[in-house]
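Worksheet: one structure, shown below.
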Amino acid sequence: MDLKSLSMFQHLAQSLHFGKTAEAFHLSPSTLSRAIQRLEQQVGSDLLHRDNRTVVLTEAGKKFKQYADQQLEQWQVFKHSLEQQQQALTGKLRIYCSVTAAYSHLPPLLERFRQQHPQVEIMLTTGDASDALEQVGQQAVDFAIAANPENLPRSFYFHPLATIPLAVIAPTMTCAVQQQLQQEVLTWSQIPIILPEHGPARKRFDYWYRKKQQGKPNIYATVSGHEALVSMVALGCGVGVVPQVVVENSPVKDRVHYLTNASEIEPFELGICCLNQSRQQPLIKAFFEAIA
């Protein structure tokens, strides 16, 4: 009992007209009649009362129509499920971000994407946030969570996520740095400062410090990665300039505090960055569509 015969009977049961059904399936009425007769032989009962003018379903025909409807519907559901499987995205999506961004911003983005594309494998690399654009430019990753630079090259695409405030932090422990910060007038040229090696936080510190006009800064150390910077401040090595989101997600956040008398430092914009030439690749395009 093939699907085409079931389809023809379903149509005939609705039209009750051999000529119309035969025309719909591009058959002659006699060919359609033979197909219906074969069905009746298989069922073992007449499905239709027919004469020269009318076609009427028998009781067996009414029951068989329900059967045909169910079988054809299940076939359509099965075909649809196969089509969805064949269209499902697969492959690897390579992402780069800082350890903090992996906690603070990446999870809700990936959750939405993975709900829609569960067969895509996520390859996550973490490191210094200031290396994010380089990772994308070298095509070591598909995209990165990165700070928007002042002059973004035309070959890059940037999708903003959030504005990230920067802060000056100091140790809570009793140490020489804490004593220096208790002075009524801060002599910034004498206070040890811990800075990131490069990136937007370093540039904003340079601009912020120049406005103080206190000579050269006393740079105690430069570090790769803001997370390590917070740890060094917590150990009493100096004060540091760091994104507030890094402090809030740090395991030593209770051992540092914000300097409220240091004046504000310009925030930066955080977003997702990829190469313009890669935006139409299926996985990257699907990711941006998922988070839109």
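Every chain in the structure tokens takes a letter, A first, then B, and so on in the order presented; its residues are numbered from 1, and the ligands are numbered from 1 following the presented order.
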Pull the closest atom pair for each residue of stretch 20-127 of chain A that gets at most 12 Å from stretch 149-169 of chain A, along with the distance in Å to one decimal, counting only C-alpha atoms, ordering rows by chain and then ascending residue number, as JSON lines.
```
{"residue": "A:Ala101", "atom": "CA", "partner": "A:Leu161", "partner_atom": "CA", "distance": 11.3}
{"residue": "A:Ser104", "atom": "CA", "partner": "A:Ala162", "partner_atom": "CA", "distance": 11.0}
{"residue": "A:His105", "atom": "CA", "partner": "A:Leu161", "partner_atom": "CA", "distance": 8.3}
{"residue": "A:Leu106", "atom": "CA", "partner": "A:Leu161", "partner_atom": "CA", "distance": 10.3}
{"residue": "A:Pro108", "atom": "CA", "partner": "A:Leu161", "partner_atom": "CA", "distance": 11.6}
{"residue": "A:Leu109", "atom": "CA", "partner": "A:Leu161", "partner_atom": "CA", "distance": 10.1}
```
Residues flagged helix (DSSP H, G or I) by DSSP in stretch 148-226 of chain A, as a ChimeraX atom specification: /A:176-181,200-210,226
Take the residues that were just selected and, keeping N, CA and C atoms, output them as an mmCIF file, in the first residue's frame.
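Below is the file result.cif, written as the result:
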```
data_model
loop_
_atom_site.group_PDB
_atom_site.id
_atom_site.type_symbol
_atom_site.label_atom_id
_atom_site.label_comp_id
_atom_site.auth_asym_id
_atom_site.auth_seq_id
_atom_site.Cartn_x
_atom_site.Cartn_y
_atom_site.Cartn_z
ATOM 1 N N ALA A 176 52.435 49.414 53.313
ATOM 2 C CA ALA A 176 52.974 50.739 53.015
ATOM 3 C C ALA A 176 52.084 51.495 52.040
ATOM 4 N N VAL A 177 51.502 50.783 51.083
ATOM 5 C CA VAL A 177 50.629 51.430 50.100
ATOM 6 C C VAL A 177 49.417 52.043 50.792
ATOM 7 N N GLN A 178 48.854 51.311 51.722
ATOM 8 C CA GLN A 178 47.679 51.826 52.444
ATOM 9 C C GLN A 178 48.023 53.085 53.226
ATOM 10 N N GLN A 179 49.197 53.103 53.822
ATOM 11 C CA GLN A 179 49.627 54.291 54.578
ATOM 12 C C GLN A 179 49.796 55.488 53.649
ATOM 13 N N GLN A 180 50.339 55.292 52.477
ATOM 14 C CA GLN A 180 50.491 56.387 51.516
ATOM 15 C C GLN A 180 49.130 56.953 51.099
ATOM 16 N N LEU A 181 48.157 56.088 50.993
ATOM 17 C CA LEU A 181 46.836 56.517 50.533
ATOM 18 C C LEU A 181 46.055 57.244 51.632
ATOM 19 N N PRO A 200 43.098 49.015 26.299
ATOM 20 C CA PRO A 200 42.352 50.247 26.584
ATOM 21 C C PRO A 200 42.538 50.760 28.008
ATOM 22 N N ALA A 201 42.663 49.859 28.995
ATOM 23 C CA ALA A 201 42.848 50.310 30.371
ATOM 24 C C ALA A 201 44.183 51.042 30.516
ATOM 25 N N ARG A 202 45.224 50.540 29.843
ATOM 26 C CA ARG A 202 46.533 51.196 29.906
ATOM 27 C C ARG A 202 46.474 52.574 29.249
ATOM 28 N N LYS A 203 45.830 52.699 28.113
ATOM 29 C CA LYS A 203 45.733 53.984 27.426
ATOM 30 C C LYS A 203 44.951 54.992 28.254
ATOM 31 N N ARG A 204 43.887 54.532 28.873
ATOM 32 C CA ARG A 204 43.079 55.447 29.679
ATOM 33 C C ARG A 204 43.817 55.869 30.949
ATOM 34 N N PHE A 205 44.623 54.945 31.510
ATOM 35 C CA PHE A 205 45.445 55.351 32.651
ATOM 36 C C PHE A 205 46.430 56.441 32.247
ATOM 37 N N ASP A 206 47.110 56.270 31.120
ATOM 38 C CA ASP A 206 48.099 57.257 30.675
ATOM 39 C C ASP A 206 47.462 58.639 30.542
ATOM 40 N N TYR A 207 46.265 58.685 29.962
ATOM 41 C CA TYR A 207 45.585 59.966 29.793
ATOM 42 C C TYR A 207 45.170 60.543 31.156
ATOM 43 N N TRP A 208 44.659 59.672 32.007
ATOM 44 C CA TRP A 208 44.197 60.087 33.351
ATOM 45 C C TRP A 208 45.374 60.614 34.178
ATOM 46 N N TYR A 209 46.528 59.941 34.098
ATOM 47 C CA TYR A 209 47.668 60.346 34.921
ATOM 48 C C TYR A 209 48.285 61.651 34.408
ATOM 49 N N ARG A 210 48.316 61.824 33.102
ATOM 50 C CA ARG A 210 48.886 63.066 32.555
ATOM 51 C C ARG A 210 48.140 64.291 33.063
ATOM 52 N N HIS A 226 44.019 41.385 33.407
ATOM 53 C CA HIS A 226 43.518 42.169 34.537
ATOM 54 C C HIS A 226 43.326 41.328 35.799
#
```
Just asking: which residues within stretch 161-283 of chain A are strand (DSSP E or B) according to DSSP, as a PDB file with N, CA, C and O atoms, in the first residue's frame?
```
ATOM      1  N   LEU A 161      28.319  45.239  23.279  1.00  0.00           N
ATOM      2  CA  LEU A 161      27.599  44.491  24.314  1.00  0.00           C
ATOM      3  C   LEU A 161      27.315  45.329  25.544  1.00  0.00           C
ATOM      4  O   LEU A 161      26.207  45.316  26.077  1.00  0.00           O
ATOM      5  N   ALA A 162      28.330  46.068  26.025  1.00  0.00           N
ATOM      6  CA  ALA A 162      28.171  46.795  27.279  1.00  0.00           C
ATOM      7  C   ALA A 162      29.236  47.874  27.402  1.00  0.00           C
ATOM      8  O   ALA A 162      30.289  47.806  26.756  1.00  0.00           O
ATOM      9  N   THR A 163      28.949  48.878  28.237  1.00  0.00           N
ATOM     10  CA  THR A 163      29.939  49.888  28.601  1.00  0.00           C
ATOM     11  C   THR A 163      30.579  49.472  29.921  1.00  0.00           C
ATOM     12  O   THR A 163      29.879  49.200  30.903  1.00  0.00           O
ATOM     13  N   ILE A 164      31.903  49.390  29.927  1.00  0.00           N
ATOM     14  CA  ILE A 164      32.632  48.861  31.079  1.00  0.00           C
ATOM     15  C   ILE A 164      33.354  50.004  31.804  1.00  0.00           C
ATOM     16  O   ILE A 164      34.277  50.613  31.255  1.00  0.00           O
ATOM     17  N   PRO A 165      32.956  50.313  33.045  1.00  0.00           N
ATOM     18  CA  PRO A 165      33.667  51.357  33.801  1.00  0.00           C
ATOM     19  C   PRO A 165      35.001  50.852  34.344  1.00  0.00           C
ATOM     20  O   PRO A 165      35.156  49.660  34.644  1.00  0.00           O
ATOM     21  N   LEU A 166      35.963  51.762  34.425  1.00  0.00           N
ATOM     22  CA  LEU A 166      37.271  51.467  35.007  1.00  0.00           C
ATOM     23  C   LEU A 166      37.371  52.110  36.381  1.00  0.00           C
ATOM     24  O   LEU A 166      36.720  53.125  36.660  1.00  0.00           O
ATOM     25  N   ALA A 167      38.197  51.529  37.237  1.00  0.00           N
ATOM     26  CA  ALA A 167      38.354  52.058  38.586  1.00  0.00           C
ATOM     27  C   ALA A 167      39.791  51.899  39.046  1.00  0.00           C
ATOM     28  O   ALA A 167      40.537  51.055  38.539  1.00  0.00           O
ATOM     29  N   VAL A 168      40.167  52.721  40.023  1.00  0.00           N
ATOM     30  CA  VAL A 168      41.460  52.567  40.695  1.00  0.00           C
ATOM     31  C   VAL A 168      41.198  51.791  41.973  1.00  0.00           C
ATOM     32  O   VAL A 168      40.335  52.173  42.779  1.00  0.00           O
ATOM     33  N   ILE A 169      41.923  50.690  42.160  1.00  0.00           N
ATOM     34  CA  ILE A 169      41.717  49.854  43.347  1.00  0.00           C
ATOM     35  C   ILE A 169      42.984  49.843  44.200  1.00  0.00           C
ATOM     36  O   ILE A 169      44.092  50.067  43.705  1.00  0.00           O
ATOM     37  N   ALA A 170      42.778  49.596  45.486  1.00  0.00           N
ATOM     38  CA  ALA A 170      43.880  49.572  46.447  1.00  0.00           C
ATOM     39  C   ALA A 170      43.685  48.400  47.393  1.00  0.00           C
ATOM     40  O   ALA A 170      42.572  47.886  47.547  1.00  0.00           O
ATOM     41  N   PRO A 171      44.751  47.953  48.074  1.00  0.00           N
ATOM     42  CA  PRO A 171      44.630  46.824  49.008  1.00  0.00           C
ATOM     43  C   PRO A 171      43.925  47.235  50.293  1.00  0.00           C
ATOM     44  O   PRO A 171      44.000  48.384  50.730  1.00  0.00           O
ATOM     45  N   PRO A 192      53.160  53.299  44.312  1.00  0.00           N
ATOM     46  CA  PRO A 192      53.419  52.237  43.326  1.00  0.00           C
ATOM     47  C   PRO A 192      52.128  51.859  42.582  1.00  0.00           C
ATOM     48  O   PRO A 192      51.077  51.680  43.202  1.00  0.00           O
ATOM     49  N   ILE A 193      52.255  51.747  41.290  1.00  0.00           N
ATOM     50  CA  ILE A 193      51.089  51.469  40.444  1.00  0.00           C
ATOM     51  C   ILE A 193      51.339  50.213  39.619  1.00  0.00           C
ATOM     52  O   ILE A 193      52.430  50.013  39.075  1.00  0.00           O
ATOM     53  N   ILE A 194      50.321  49.388  39.543  1.00  0.00           N
ATOM     54  CA  ILE A 194      50.376  48.156  38.741  1.00  0.00           C
ATOM     55  C   ILE A 194      49.458  48.345  37.541  1.00  0.00           C
ATOM     56  O   ILE A 194      48.293  48.717  37.694  1.00  0.00           O
ATOM     57  N   LEU A 195      49.990  48.098  36.363  1.00  0.00           N
ATOM     58  CA  LEU A 195      49.253  48.386  35.138  1.00  0.00           C
ATOM     59  C   LEU A 195      49.229  47.189  34.197  1.00  0.00           C
ATOM     60  O   LEU A 195      50.139  46.360  34.232  1.00  0.00           O
ATOM     61  N   PRO A 196      48.211  47.117  33.351  1.00  0.00           N
ATOM     62  CA  PRO A 196      48.259  46.123  32.259  1.00  0.00           C
ATOM     63  C   PRO A 196      49.328  46.532  31.257  1.00  0.00           C
ATOM     64  O   PRO A 196      49.630  47.719  31.100  1.00  0.00           O
ATOM     65  N   ASN A 218      55.021  56.058  39.242  1.00  0.00           N
ATOM     66  CA  ASN A 218      55.859  55.043  39.876  1.00  0.00           C
ATOM     67  C   ASN A 218      55.282  53.664  39.539  1.00  0.00           C
ATOM     68  O   ASN A 218      54.495  53.109  40.303  1.00  0.00           O
ATOM     69  N   ILE A 219      55.679  53.128  38.380  1.00  0.00           N
ATOM     70  CA  ILE A 219      55.115  51.851  37.926  1.00  0.00           C
ATOM     71  C   ILE A 219      55.839  50.704  38.610  1.00  0.00           C
ATOM     72  O   ILE A 219      57.017  50.448  38.357  1.00  0.00           O
ATOM     73  N   TYR A 220      55.119  50.023  39.481  1.00  0.00           N
ATOM     74  CA  TYR A 220      55.697  48.906  40.222  1.00  0.00           C
ATOM     75  C   TYR A 220      55.848  47.680  39.316  1.00  0.00           C
ATOM     76  O   TYR A 220      56.857  46.974  39.360  1.00  0.00           O
ATOM     77  N   ALA A 221      54.819  47.432  38.488  1.00  0.00           N
ATOM     78  CA  ALA A 221      54.854  46.266  37.600  1.00  0.00           C
ATOM     79  C   ALA A 221      53.813  46.425  36.508  1.00  0.00           C
ATOM     80  O   ALA A 221      52.818  47.146  36.664  1.00  0.00           O
ATOM     81  N   THR A 222      54.056  45.768  35.390  1.00  0.00           N
ATOM     82  CA  THR A 222      53.037  45.623  34.352  1.00  0.00           C
ATOM     83  C   THR A 222      52.733  44.137  34.210  1.00  0.00           C
ATOM     84  O   THR A 222      53.646  43.302  34.284  1.00  0.00           O
ATOM     85  N   VAL A 223      51.464  43.837  34.036  1.00  0.00           N
ATOM     86  CA  VAL A 223      51.057  42.427  34.011  1.00  0.00           C
ATOM     87  C   VAL A 223      50.225  42.160  32.763  1.00  0.00           C
ATOM     88  O   VAL A 223      49.635  43.061  32.171  1.00  0.00           O
ATOM     89  N   VAL A 239      48.638  50.118  43.833  1.00  0.00           N
ATOM     90  CA  VAL A 239      47.274  50.349  43.382  1.00  0.00           C
ATOM     91  C   VAL A 239      47.214  49.968  41.910  1.00  0.00           C
ATOM     92  O   VAL A 239      48.245  49.840  41.241  1.00  0.00           O
ATOM     93  N   GLY A 240      46.026  49.772  41.401  1.00  0.00           N
ATOM     94  CA  GLY A 240      45.899  49.354  40.009  1.00  0.00           C
ATOM     95  C   GLY A 240      44.692  49.969  39.340  1.00  0.00           C
ATOM     96  O   GLY A 240      43.726  50.360  39.998  1.00  0.00           O
ATOM     97  N   VAL A 241      44.751  50.054  38.021  1.00  0.00           N
ATOM     98  CA  VAL A 241      43.627  50.508  37.204  1.00  0.00           C
ATOM     99  C   VAL A 241      43.058  49.288  36.494  1.00  0.00           C
ATOM    100  O   VAL A 241      43.780  48.596  35.764  1.00  0.00           O
ATOM    101  N   VAL A 242      41.775  49.024  36.702  1.00  0.00           N
ATOM    102  CA  VAL A 242      41.207  47.763  36.239  1.00  0.00           C
ATOM    103  C   VAL A 242      39.714  47.942  35.966  1.00  0.00           C
ATOM    104  O   VAL A 242      39.052  48.757  36.604  1.00  0.00           O
ATOM    105  N   PRO A 243      39.138  47.202  35.011  1.00  0.00           N
ATOM    106  CA  PRO A 243      37.683  47.227  34.814  1.00  0.00           C
ATOM    107  C   PRO A 243      36.954  46.729  36.059  1.00  0.00           C
ATOM    108  O   PRO A 243      37.361  45.732  36.671  1.00  0.00           O
ATOM    109  N   VAL A 256      40.403  44.028  48.200  1.00  0.00           N
ATOM    110  CA  VAL A 256      40.697  45.306  47.557  1.00  0.00           C
ATOM    111  C   VAL A 256      39.494  46.226  47.730  1.00  0.00           C
ATOM    112  O   VAL A 256      38.379  45.772  48.022  1.00  0.00           O
ATOM    113  N   HIS A 257      39.727  47.514  47.543  1.00  0.00           N
ATOM    114  CA  HIS A 257      38.612  48.465  47.581  1.00  0.00           C
ATOM    115  C   HIS A 257      38.856  49.554  46.549  1.00  0.00           C
ATOM    116  O   HIS A 257      39.983  49.772  46.087  1.00  0.00           O
ATOM    117  N   TYR A 258      37.765  50.236  46.183  1.00  0.00           N
ATOM    118  CA  TYR A 258      37.857  51.300  45.183  1.00  0.00           C
ATOM    119  C   TYR A 258      38.313  52.599  45.838  1.00  0.00           C
ATOM    120  O   TYR A 258      37.873  52.938  46.942  1.00  0.00           O
ATOM    121  N   ILE A 265      37.845  57.527  35.596  1.00  0.00           N
ATOM    122  CA  ILE A 265      38.587  57.215  34.382  1.00  0.00           C
ATOM    123  C   ILE A 265      37.565  56.854  33.316  1.00  0.00           C
ATOM    124  O   ILE A 265      36.569  56.177  33.583  1.00  0.00           O
ATOM    125  N   GLU A 266      37.806  57.295  32.101  1.00  0.00           N
ATOM    126  CA  GLU A 266      36.856  57.068  31.015  1.00  0.00           C
ATOM    127  C   GLU A 266      36.598  55.578  30.812  1.00  0.00           C
ATOM    128  O   GLU A 266      37.533  54.782  30.722  1.00  0.00           O
ATOM    129  N   PRO A 267      35.330  55.165  30.728  1.00  0.00           N
ATOM    130  CA  PRO A 267      35.024  53.738  30.495  1.00  0.00           C
ATOM    131  C   PRO A 267      35.335  53.345  29.050  1.00  0.00           C
ATOM    132  O   PRO A 267      35.664  54.186  28.210  1.00  0.00           O
ATOM    133  N   PHE A 268      35.215  52.060  28.764  1.00  0.00           N
ATOM    134  CA  PHE A 268      35.371  51.606  27.381  1.00  0.00           C
ATOM    135  C   PHE A 268      34.198  50.725  26.999  1.00  0.00           C
ATOM    136  O   PHE A 268      33.442  50.250  27.851  1.00  0.00           O
ATOM    137  N   GLU A 269      34.047  50.504  25.693  1.00  0.00           N
ATOM    138  CA  GLU A 269      32.940  49.715  25.165  1.00  0.00           C
ATOM    139  C   GLU A 269      33.404  48.292  24.914  1.00  0.00           C
ATOM    140  O   GLU A 269      34.409  48.068  24.252  1.00  0.00           O
ATOM    141  N   LEU A 270      32.652  47.336  25.443  1.00  0.00           N
ATOM    142  CA  LEU A 270      32.957  45.922  25.241  1.00  0.00           C
ATOM    143  C   LEU A 270      32.002  45.352  24.204  1.00  0.00           C
ATOM    144  O   LEU A 270      30.821  45.707  24.165  1.00  0.00           O
ATOM    145  N   GLY A 271      32.518  44.484  23.354  1.00  0.00           N
ATOM    146  CA  GLY A 271      31.657  43.898  22.337  1.00  0.00           C
ATOM    147  C   GLY A 271      32.246  42.649  21.725  1.00  0.00           C
ATOM    148  O   GLY A 271      33.279  42.134  22.167  1.00  0.00           O
ATOM    149  N   ILE A 272      31.584  42.152  20.705  1.00  0.00           N
ATOM    150  CA  ILE A 272      32.030  40.974  19.970  1.00  0.00           C
ATOM    151  C   ILE A 272      32.665  41.439  18.664  1.00  0.00           C
ATOM    152  O   ILE A 272      32.068  42.232  17.928  1.00  0.00           O
ATOM    153  N   CYS A 273      33.836  40.948  18.390  1.00  0.00           N
ATOM    154  CA  CYS A 273      34.595  41.405  17.227  1.00  0.00           C
ATOM    155  C   CYS A 273      34.929  40.216  16.326  1.00  0.00           C
ATOM    156  O   CYS A 273      35.302  39.143  16.812  1.00  0.00           O
ATOM    157  N   CYS A 274      34.747  40.423  15.022  1.00  0.00           N
ATOM    158  CA  CYS A 274      35.143  39.407  14.044  1.00  0.00           C
ATOM    159  C   CYS A 274      35.614  40.126  12.784  1.00  0.00           C
ATOM    160  O   CYS A 274      35.488  41.349  12.666  1.00  0.00           O
ATOM    161  N   LEU A 275      36.161  39.395  11.858  1.00  0.00           N
ATOM    162  CA  LEU A 275      36.562  39.972  10.583  1.00  0.00           C
ATOM    163  C   LEU A 275      35.321  40.184   9.715  1.00  0.00           C
ATOM    164  O   LEU A 275      34.427  39.329   9.677  1.00  0.00           O
TER     165      LEU A 275
END
```
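The space between atom CA of A:Leu133 and atom CA of A:Ile284 spans 16.1 Å.
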Atomic distance atom CA of A:Gly199 - atom CA of A:Gln281, expressed in Å with one decimal: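 Distance reported for this atom pair: 28.4 Å.
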Using only C-alpha atoms, which residues sit within 8 Å of A:Thr125 once same-chain residues fewer than 2 positions away are excluded, as a PDB file with N, CA and C atoms, in the first residue's frame?
```pdb
ATOM      1  N   ARG A  94      35.092  28.944  17.172  1.00  0.00           N
ATOM      2  CA  ARG A  94      36.263  29.266  17.997  1.00  0.00           C
ATOM      3  C   ARG A  94      36.113  30.673  18.586  1.00  0.00           C
ATOM      4  N   ILE A  95      36.175  30.741  19.912  1.00  0.00           N
ATOM      5  CA  ILE A  95      35.927  31.995  20.620  1.00  0.00           C
ATOM      6  C   ILE A  95      37.124  32.323  21.511  1.00  0.00           C
ATOM      7  N   TYR A  96      37.439  33.612  21.593  1.00  0.00           N
ATOM      8  CA  TYR A  96      38.514  34.077  22.482  1.00  0.00           C
ATOM      9  C   TYR A  96      37.946  35.158  23.388  1.00  0.00           C
ATOM     10  N   CYS A  97      38.295  35.086  24.681  1.00  0.00           N
ATOM     11  CA  CYS A  97      37.909  36.135  25.618  1.00  0.00           C
ATOM     12  C   CYS A  97      38.757  36.017  26.876  1.00  0.00           C
ATOM     13  N   MET A 123      34.688  25.995  20.933  1.00  0.00           N
ATOM     14  CA  MET A 123      36.107  25.927  21.273  1.00  0.00           C
ATOM     15  C   MET A 123      36.492  27.269  21.905  1.00  0.00           C
ATOM     16  N   GLY A 127      42.469  34.346  27.652  1.00  0.00           N
ATOM     17  CA  GLY A 127      43.773  34.993  27.747  1.00  0.00           C
ATOM     18  C   GLY A 127      43.606  36.465  28.021  1.00  0.00           C
TER      19      GLY A 127
END
```
Distance in Å - atom CA of A:Asn249 versus atom CA of A:Tyr103: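 The value is 7.5 Å.
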